[in-house]
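To start, the structure itself, in structure tokens.
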Amino acid sequence: MPSIHNLFEEASLKIRDLQGIALSLGPGSFTGLRIGASTVKGLAYALKIPVVGVSTLEALAGNVPYHSAVICPVLDARKKEVYAAFFQGDEGGTITRKSEDWVLSPEELCRRASGRTLFLGNGVEGYGEVLRKNLGSLASFAPPELSLPRALNVAKLSLPKFGAAQTLDLFSFTPIYIRRSEAEIHFDAKEQRK
């Protein structure tokens, strides 16, 4: 909350100036997604403003919208897996989704790649060698400075959703987790042992 307050001060705005909130829904860190979603829900409810959500992977792909190869954002999902999806950019800078969001091993991601692919994201740091080894010259990598989703991309992707009134229900929306959390898995295992 102090960061949000400082941002508004730097922009010479008041929190009441907000007319809507765009949220990166995931996939990503369970804790980070929950904190972000809770903060957005509280602000939107208090201010009575709409919220729209976008895929974190799609926002990350927006860092390289003009690239001619398939764009594959890769986020470290832990447990020797990655979150990933395929997108395609064009000369107009439009990103088109080519797959759903996945959680899978880097080796399985390589099996799903079918041509020249540009990889970016924090998953490249840990699994770049696996991608390079399995795909050879078909794999290329964006510079490290393009490895984090940008708020600007989340905002750009949210505009058509705001225009089409594709807003989220504040009481029922949840982040995009793709898989269950460790806490849920451990709880279910404990319940089954009873």
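Following the order of the structure tokens, chains are lettered A, B, ..., residues in each are numbered from 1, and ligands are numbered from 1.
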
* Based on DSSP run over this structure's backbone, return all residues of region 21-194 of chain A in strand (DSSP E), as a VMD selection string. => chain A and resid 21 to 26 51 to 55 70 to 78 81 to 84 87 to 88 96 to 97 102 to 104 117 to 120 139 to 141

If you keep C-alpha atoms, can you produce a file of those selected residues as a compact mmCIF listing (two decimals), in the first residue's frame?
# COMPACT_ATOMS: atom_id res chain seq x y z
CA ILE A 21 -8.08 -1.42 -12.36
CA ALA A 22 -6.26 -3.82 -14.69
CA LEU A 23 -4.81 -6.88 -13.02
CA SER A 24 -2.27 -9.46 -14.14
CA LEU A 25 -4.12 -12.64 -13.10
CA GLY A 26 -1.30 -15.16 -13.45
CA VAL A 51 -11.62 -4.64 -12.67
CA VAL A 52 -10.37 -6.58 -15.69
CA GLY A 53 -7.76 -9.31 -15.74
CA VAL A 54 -5.16 -10.39 -18.27
CA SER A 55 -2.81 -13.35 -18.53
CA VAL A 70 6.54 -17.72 -32.24
CA ILE A 71 6.84 -15.92 -28.90
CA CYS A 72 7.02 -18.15 -25.83
CA PRO A 73 7.00 -16.50 -22.41
CA VAL A 74 8.41 -18.92 -19.82
CA LEU A 75 8.01 -18.44 -16.07
CA ASP A 76 9.63 -20.67 -13.46
CA ALA A 77 6.81 -22.70 -11.86
CA ARG A 78 9.19 -24.53 -9.50
CA GLU A 81 8.27 -27.07 -14.39
CA VAL A 82 7.50 -23.85 -16.21
CA TYR A 83 4.42 -21.81 -17.01
CA ALA A 84 4.39 -21.15 -20.75
CA PHE A 87 1.88 -16.29 -29.05
CA GLN A 88 2.48 -14.72 -32.45
CA THR A 96 -2.26 -13.37 -31.07
CA ARG A 97 -2.59 -16.28 -28.68
CA TRP A 102 0.38 -24.50 -19.55
CA VAL A 103 2.37 -25.79 -16.60
CA LEU A 104 4.78 -28.43 -17.89
CA THR A 117 10.62 -19.74 -31.16
CA LEU A 118 11.68 -16.70 -29.15
CA PHE A 119 11.81 -17.43 -25.42
CA LEU A 120 11.67 -14.81 -22.70
CA ALA A 139 15.42 -21.43 -30.10
CA SER A 140 16.34 -17.79 -29.63
CA PHE A 141 16.26 -15.74 -26.46

* What are the DSSP alpha helix (DSSP H) residues of region 49-103 of chain A, as an NGL selection string? -> :A and (56-61)

Against region 33-44 of chain A, which residues of region 59-175 of chain A fall within 8 Å? For each one I want the closest pair of atoms and the distance in Å (one decimal), counting only C-alpha atoms, rows by chain and increasing residue number, as CSV.
residue,atom,partner,partner_atom,distance
A:Leu170,CA,A:Lys41,CA,5.8
A:Phe171,CA,A:Lys41,CA,8.0
A:Thr174,CA,A:Ala37,CA,7.4
A:Pro175,CA,A:Leu33,CA,6.2

* Distance in Å - CA of Ser29 (chain A) versus CA of Ile4 (chain A) ->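 Straight-line distance from CA of Ser29 (chain A) to CA of Ile4 (chain A) works out to 20.1 Å.
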
* Using only C-alpha atoms: which of A:Arg16, A:Lys79, A:Gly62, A:Val130 has the shortest distance to Glu108 (chain A) ->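 Nearest to Glu108 (chain A): A:Val130.
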
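Shortest atom-to-atom contact with Pro144 (chain A) among A:Glu100, A:Asn63, A:Pro160, A:Thr167: A:Asn63, counting only C-alpha atoms.
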
* To do: Find the spatial neighbours of Asp169 (chain A), counting only C-alpha atoms, within a cut-off of 9 Å - ignore same-chain residues fewer than 3 positions away - and output them as a PyMOL selection string.
  => chain A and resi 50-51+172-173

How would the residues just chosen look if you wrote them out with N, CA, C and O atoms as a CSV table (one decimal), in the first residue's frame?
chain,number,residue,atom,x,y,z
A,50,PRO,N,-14.6,-0.9,-11.8
A,50,PRO,CA,-14.5,-2.2,-12.4
A,50,PRO,C,-13.1,-2.7,-12.5
A,50,PRO,O,-12.1,-1.9,-12.4
A,51,VAL,N,-12.9,-4.0,-12.6
A,51,VAL,CA,-11.6,-4.6,-12.7
A,51,VAL,C,-11.6,-5.6,-13.9
A,51,VAL,O,-12.6,-6.3,-14.1
A,172,SER,N,-16.1,-13.2,-6.9
A,172,SER,CA,-15.9,-14.6,-7.3
A,172,SER,C,-14.6,-14.8,-8.1
A,172,SER,O,-14.1,-16.0,-8.2
A,173,PHE,N,-13.9,-13.8,-8.6
A,173,PHE,CA,-12.8,-14.0,-9.4
A,173,PHE,C,-11.6,-14.5,-8.6
A,173,PHE,O,-11.4,-14.1,-7.4

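Nearest to Asn122 (chain A) of all the residues A:Leu157, A:Leu168, A:Leu57, A:Leu135 is A:Leu57, counting only C-alpha atoms.
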
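Note that the spacing between CA of Asn153 (chain A) and CA of Ala59 (chain A) amounts to 5.2 Å.
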
* Asked: Hey, which of A:Ala85, A:Met1, A:Leu7, A:Ile95 ends up closest to Pro65 (chain A)? Count only C-alpha atoms.
  -> A:Ile95

* How many Å lie between CA of Arg112 (chain A) and CA of Ser99 (chain A), rounded to one decimal? -> 10.1 Å
